[in-house]
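Right, one structure below, let's go through it.
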Amino acid sequence: MDGGPTLLHEPAAIEQPAFGVYVHWPFCKSKCPYCDFNSHVRERIDEAAWTRALIAALDRQAADLAGRSVSSIFFGGGTPSLMAPATVARVLERIAAHWTLAPDAEITLEANPTSVEAARFADLAAAGVNRLSLGIQALDDTALRFLGRQHDAGEARAAIALAARHFARFSFDLIYARPGQTPAAWRAELDAALALAGDHLSLYQLTIEAGTAFQAAHARGDFALPDDELAGALYELTGEQLARRGFAAYEISNYARPGAESRHNLVYWTYGDYVGIGPGAHGRLTRGPDKRATRQEKAPETWLAAVAAGGDGMAETVSLTRAERLTELVMMGLRLAAGIPRARFRRELGAEPEALLARAGLQRLIDAGLLTLDAHALRATPAGRQRLNAVLATLLV
């Protein structure tokens, strides 16, 4: 993959610590076989009760977080496009009541492209959502069936067109490195995706996650994934093809035209602060020298009962150690082509990267062409981002 300046575009959102709000809606119509997210299928959902609980959980966390300015809000899941637009509107109103919304605040909602959910796009936009993230996953009907999706390629294309009509900013996901997928087939699918795309795409390699239906099927030998060599070739093809169309690989799996990066995901990758609301939602909150990790109760019914009983739904709040903060900062930041500015090491840990990281490992990775370190930032090269797990194992010892 080309390692030139295009891939090192540093979005403005990376310059200052940001503050985001994540809202988790845990329900789906069905469980996809590759998915290890906290998502659940329920025959009936009391949406009024869930609306009350989300607002109550927001109120209880906001009590200690006055004075923040919200740069991004993200409704994830699960399938938050199954929420009633009125629920989305009420949650957004409550967030705005607690904190100042930045004038250009990004408000993203994840959606599936089935016709029932796509019909809600206009109402979601009216509720305040200004960016849609569509779970397309493939533009091939056979692949969609393998992935357990409920839509076909025609519905996917129609949903993308509808998203473009109602939202100035939208993105969609595709999963590649699927069984039997060839570079030629992926190139053709990418061409089709780029013809439909706005200014952002998320392109993930298929991985086998613990506890999923695919884990059991893969263990039985029902299918095989591409080997490392082919997976690497597909990754490089992806970057090259998108770069030719003006999309920078600003993160391992995310591509955008300059200025169109996902601001909310940049909160995570630049180690900013965020509140997590809803079952299983995580948060990171800095208070003076202390950075706390929060985690909400994971099971939907457990979370709902805890909030209804007057709690905040929190399963755990812990102060991160210096070593834990370094690990999170590096794990998240090296995913970005822009890397980790020295100022961020100083902001979080009060020291330069040379003083914090394993010196021998750092130099070995630089000599191998997997990392660069200059007066401005520590970065993983394109080759380093492709091998990030191995880079981190050497760097964080």
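FYI, nothing fancy with the structure tokens labels: chains A, B, ... in order, residues from 1 per chain, ligands from 1 as they appear.
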
Original post:
So which bits of range 177-335 of chain A end up strand (DSSP E or B) when you DSSP the backbone, as an MDAnalysis selection string?
Top reply: chainID A and resid 200:205 248:251 254:256 273:277 282:287 290:296 314:319

Sorted by chain and rising residue number, which residues of range 172-271 of chain A lie within 12 Å of range 144-150 of chain A, and what are their closest atom pairs and distances in Å to one decimal, counting only C-alpha atoms, as a tab-separated table?
```
residue	atom	partner	partner_atom	distance
A:Leu174	CA	A:Leu144	CA	10.4
A:Ile175	CA	A:Leu147	CA	9.1
A:Tyr176	CA	A:Leu147	CA	10.9
A:Arg178	CA	A:Leu147	CA	9.2
A:Pro179	CA	A:Phe146	CA	9.4
A:Gly180	CA	A:Phe146	CA	11.7
A:Leu206	CA	A:Leu147	CA	9.8
A:Thr207	CA	A:Leu147	CA	11.9
A:Thr212	CA	A:Leu147	CA	11.9
A:Ala213	CA	A:Gly148	CA	10.2
A:Phe214	CA	A:Leu147	CA	9.1
A:Ala217	CA	A:Phe146	CA	11.5
A:Asp222	CA	A:Phe146	CA	11.3
A:Phe223	CA	A:Phe146	CA	10.2
```

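Excluding range 53-69 of chain A itself and any same-chain residue fewer than 4 positions from it, the protein and nucleic acid residues within 8 Å of it, counting only C-alpha atoms, are Phe19, Ala49, Arg90, Val91, Arg94, Ile95, His98, Trp99, Thr100, Leu101, Ala102, Val275, Ile277, Gly278, Leu304, Val307, Ala308, Gly311, Asp312 and Gly313 of chain A.
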
Subject >> Atom-to-atom span, CA of Glu297 in chain A and CA of Tyr34 in chain A, Å >> reply: 22.8 Å

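Candidate residues A:Phe27, A:Tyr235, A:Tyr255, A:Tyr271 were compared for distance to Ser81 in chain A, and the nearest is A:Phe27, using only C-alpha atoms.
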
Original post:
Near range 237-239 of chain A, counting only C-alpha atoms, which residues have an atom at most 12 Å away, once you skip same-chain residues fewer than 3 positions from it, shown as an NGL selection string?
Top reply: :A and (1-4 or 6-7 or 174-177 or 182-191 or 193-194 or 201-205 or 230-234 or 242-256 or 382-383 or 386)

Subject >> Picked from range 148-365 of chain A by DSSP as alpha helix (DSSP H), as a VMD selection string >> reply: chain A and resid 153 to 166 183 to 196 213 to 220 228 to 244 263 to 269 300 to 308 322 to 333 342 to 349 353 to 356 359 to 365

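The shell of residues at most 6 Å from range 107-116 of chain A, with only C-alpha atoms counted and near chain neighbours (fewer than 5 positions) removed, consists of Ser72, Ile73, Phe74, Phe75, Gly76, Pro80, Ser81, Val129, Asn130, Arg131, Leu132, Ser133, Leu134, Gly135, His151, Ala156 and Ala159 of chain A.
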
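Distance-wise, CA of Pro353 in chain A and CA of Arg295 in chain A end up 28.4 Å apart.
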
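Of the listed residues A:Met332, A:Ile45, A:Leu92, A:Ala309, the one whose atoms come nearest to Asn265 in chain A is A:Met332, with distances taken using only C-alpha atoms.
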